[in-house]
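The structure appears right after this line, and notes come after that.
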Amino acid sequence: MSSRDSILGKIRSLNLAQKALPEIPDFKGAENLVDRFRTAILGNKGEILTPDELISKLESGVYPTVYSSVTEFSNLANQALPTDSHTFAKLDLAILKGQFGVAENGAIWLEDSDLGLRAIPFITEHLVIVLDSKSLVSTMHQAYNRIGSQYSGFGLFIAGPSKTADIEQSLVIGAHGAKSLMVVLV
């Protein structure tokens, strides 16, 4: 008999009474989800833009290469979706649609269907996420309930520009993804 089997056997022989799992309370969040979400995004070093402010930035020519999977902004993009993500090695700005946002921490849920290529939020220099303000939820508990067991080939939460302070205790922006996050609430 292995040590593992011996230990598990002793645990099984304890005959402990079954206990129900605790109920997860419904954590109520702030009433004004848009204000709370805005505060969280700004706290994560992101920006909140209006559609007009985004259009103005794009028309200024600051971002030479732009990809958009969002129909409303596709006329401002100059890059089509390639079959190989390596083509986007020099992508300056990507505009993607978010499924919903979480007011308590500014996290935005993105799914495969809105990305085009899974690598886009990580390889672009700057990221714009277009989000319907009516799609905000208050807490991560509500966010995970919303995701539920629905199948998504790939999904992720993004809550700000990429940053890390692991390297010699220096803050590095854009180490693992976009250097900036701009959220357009519609």
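Just so we're on the same page: first chain in the structure tokens is A, next is B, and so on; residues restart at 1 for each chain, and ligands are numbered from 1 in the order they show up.
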Extract the full set of strand (DSSP E or B) residues from stretch 18-160 of chain A according to DSSP on the backbone, and format it as a PyMOL selection string. chain A and resi 47-49+66-68+79+93-97+100-102+108-111+126-131+136-137+155-158
Export, as a compact mmCIF listing (two decimals), in the first residue's frame, the selected residues with N, CA and C atoms.
```
# COMPACT_ATOMS: atom_id res chain seq x y z
N GLU A 47 -8.41 54.44 -19.56
CA GLU A 47 -9.11 55.68 -19.90
C GLU A 47 -10.54 55.34 -20.29
N ILE A 48 -11.44 56.27 -20.06
CA ILE A 48 -12.81 56.16 -20.55
C ILE A 48 -12.98 57.23 -21.61
N LEU A 49 -13.44 56.82 -22.80
CA LEU A 49 -13.63 57.76 -23.91
C LEU A 49 -15.07 57.72 -24.40
N VAL A 66 -4.36 50.25 -37.54
CA VAL A 66 -5.55 50.07 -36.70
C VAL A 66 -6.37 48.91 -37.23
N TYR A 67 -6.78 48.04 -36.31
CA TYR A 67 -7.70 46.94 -36.63
C TYR A 67 -8.95 47.13 -35.78
N SER A 68 -10.11 46.87 -36.34
CA SER A 68 -11.35 46.94 -35.58
C SER A 68 -12.24 45.76 -35.91
N GLN A 79 -6.51 47.97 -41.25
CA GLN A 79 -5.98 46.61 -41.26
C GLN A 79 -7.14 45.63 -41.27
N LEU A 93 -3.07 49.77 -32.78
CA LEU A 93 -4.31 49.88 -32.02
C LEU A 93 -5.31 48.85 -32.50
N ALA A 94 -5.95 48.19 -31.55
CA ALA A 94 -7.03 47.25 -31.86
C ALA A 94 -8.28 47.71 -31.14
N ILE A 95 -9.40 47.65 -31.85
CA ILE A 95 -10.70 48.01 -31.28
C ILE A 95 -11.53 46.74 -31.23
N LEU A 96 -11.89 46.33 -30.02
CA LEU A 96 -12.64 45.09 -29.81
C LEU A 96 -13.91 45.37 -29.03
N LYS A 97 -14.86 44.46 -29.14
CA LYS A 97 -16.12 44.60 -28.41
C LYS A 97 -16.03 43.77 -27.13
N PHE A 100 -19.30 42.25 -21.43
CA PHE A 100 -19.83 42.97 -20.27
C PHE A 100 -18.68 43.41 -19.39
N GLY A 101 -18.96 44.35 -18.49
CA GLY A 101 -17.93 44.87 -17.59
C GLY A 101 -18.35 44.68 -16.14
N VAL A 102 -17.37 44.68 -15.24
CA VAL A 102 -17.60 44.49 -13.81
C VAL A 102 -17.29 45.80 -13.10
N ILE A 108 -13.29 43.56 -17.87
CA ILE A 108 -14.17 43.45 -19.04
C ILE A 108 -14.00 42.05 -19.63
N TRP A 109 -15.12 41.37 -19.85
CA TRP A 109 -15.10 40.02 -20.39
C TRP A 109 -15.10 40.07 -21.91
N LEU A 110 -14.10 39.42 -22.52
CA LEU A 110 -13.98 39.30 -23.97
C LEU A 110 -14.08 37.83 -24.34
N GLU A 111 -14.70 37.54 -25.47
CA GLU A 111 -14.82 36.17 -25.94
C GLU A 111 -14.26 36.05 -27.35
N HIS A 126 -1.84 49.28 -28.26
CA HIS A 126 -2.89 49.98 -27.53
C HIS A 126 -4.21 49.27 -27.81
N LEU A 127 -5.05 49.17 -26.79
CA LEU A 127 -6.30 48.42 -26.91
C LEU A 127 -7.48 49.32 -26.57
N VAL A 128 -8.50 49.25 -27.43
CA VAL A 128 -9.77 49.93 -27.18
C VAL A 128 -10.83 48.84 -27.06
N ILE A 129 -11.63 48.92 -26.00
CA ILE A 129 -12.75 48.00 -25.85
C ILE A 129 -14.03 48.82 -25.84
N VAL A 130 -14.92 48.49 -26.75
CA VAL A 130 -16.21 49.15 -26.84
C VAL A 130 -17.19 48.32 -26.01
N LEU A 131 -17.88 49.00 -25.09
CA LEU A 131 -18.72 48.29 -24.13
C LEU A 131 -20.06 49.03 -23.95
N LEU A 136 -23.15 46.35 -17.77
CA LEU A 136 -22.33 46.30 -16.56
C LEU A 136 -23.00 45.48 -15.47
N VAL A 137 -22.20 44.70 -14.75
CA VAL A 137 -22.66 44.00 -13.56
C VAL A 137 -21.88 44.57 -12.38
N GLY A 155 -12.05 32.86 -23.52
CA GLY A 155 -12.55 34.08 -22.92
C GLY A 155 -11.57 34.60 -21.89
N LEU A 156 -11.59 35.91 -21.66
CA LEU A 156 -10.69 36.47 -20.66
C LEU A 156 -11.24 37.78 -20.14
N PHE A 157 -10.81 38.11 -18.93
CA PHE A 157 -11.10 39.40 -18.35
C PHE A 157 -9.88 40.30 -18.55
N ILE A 158 -10.11 41.53 -18.97
CA ILE A 158 -9.05 42.53 -19.07
C ILE A 158 -9.51 43.72 -18.23
```
Residues near A:Ala89, anyone? I mean within 10 Å using only C-alpha atoms, not counting same-chain ones fewer than 5 positions away, as number ranges by chain. A: 120, 123-125
Figure out the distance between atom CA of A:Asp132 and atom CA of A:Val186, please, to one decimal in Å. 4.9 Å
A:Ala119, A:Leu58, A:Leu21, A:Ile41 ranked by distance to A:Leu185, top pick (using only C-alpha atoms): A:Ile41
When you draw a straight line from atom CA of A:Ser162 to atom CA of A:Ser180, how long is it in Å?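 These two atoms are separated by 7.5 Å.
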Nearest to A:Gly98, restricted to only C-alpha atoms and choosing among A:Pro82, A:Gly43, A:Pro121, A:Pro22, comes out as A:Pro121
Just give me the gap between atom CA of A:Ala159 and atom CA of A:Asn44 in Å, one decimal is fine.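 Going from atom CA of A:Ala159 over to atom CA of A:Asn44, I get 6.7 Å.
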Identify which of the residues A:Leu14, A:Phe37, A:Ala103, A:Ser74 lies closest to A:Ile55, counting only C-alpha atoms when measuring atom-to-atom distances.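 That would be A:Ser74, the residue with the smallest distance to A:Ile55.
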Where in stretch 40-143 of chain A does DSSP assign helix (DSSP H, G or I), given as an MDAnalysis selection string? chainID A and resid 40:43 51:59 71:76 85:88 112:115 120:123 133:135 140:143
I need the residues from that last selection saved to file as a compact mmCIF listing (two decimals), in the first residue's frame (with C-alpha atoms), if you can.
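Everything below was put into again_22.txt:
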```txt
# COMPACT_ATOMS: atom_id res chain seq x y z
CA ALA A 40 -12.24 51.27 -11.38
CA ILE A 41 -10.94 51.71 -14.96
CA LEU A 42 -9.21 54.97 -14.04
CA GLY A 43 -7.74 53.28 -10.94
CA PRO A 51 -17.16 57.55 -29.30
CA ASP A 52 -16.36 61.05 -30.58
CA GLU A 53 -13.14 61.20 -28.54
CA LEU A 54 -12.05 57.85 -30.02
CA ILE A 55 -12.83 59.03 -33.54
CA SER A 56 -10.82 62.21 -32.92
CA LYS A 57 -7.82 60.17 -31.69
CA LEU A 58 -7.99 57.89 -34.71
CA GLU A 59 -8.33 60.75 -37.18
CA THR A 71 -18.63 47.42 -37.00
CA GLU A 72 -19.27 51.01 -35.86
CA PHE A 73 -15.54 51.78 -36.02
CA SER A 74 -14.46 49.55 -38.93
CA ASN A 75 -14.38 52.52 -41.31
CA LEU A 76 -11.54 53.98 -39.19
CA SER A 85 -1.48 36.72 -36.00
CA HIS A 86 2.22 37.30 -36.78
CA THR A 87 1.01 39.74 -39.44
CA PHE A 88 -0.11 41.97 -36.55
CA ASP A 112 -13.46 34.46 -29.03
CA SER A 113 -16.38 35.63 -31.12
CA ASP A 114 -15.38 39.28 -30.61
CA LEU A 115 -11.61 38.97 -30.99
CA ILE A 120 -4.96 40.53 -30.65
CA PRO A 121 -5.46 41.89 -27.09
CA PHE A 122 -1.91 40.80 -26.24
CA ILE A 123 0.04 41.87 -29.32
CA SER A 133 -22.98 50.65 -20.45
CA LYS A 134 -26.18 48.62 -19.95
CA SER A 135 -24.08 45.43 -19.83
CA MET A 140 -17.32 39.31 -10.00
CA HIS A 141 -19.87 36.91 -8.48
CA GLN A 142 -22.46 38.27 -10.88
CA ALA A 143 -19.92 38.15 -13.72
```
With only C-alpha atoms as the atoms that count, which of A:Pro64, A:Gly106, A:Gly116, A:Gly177 lies nearest to A:Asp35?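 For A:Asp35, the nearest of the given residues is A:Gly106.
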From A:Thr39, A:Ser6, A:Gln169, A:Thr139, residue lying nearest A:Pro25 [only C-alpha atoms]: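 Among A:Thr39, A:Ser6, A:Gln169, A:Thr139, it is A:Thr139 that comes nearest to A:Pro25.
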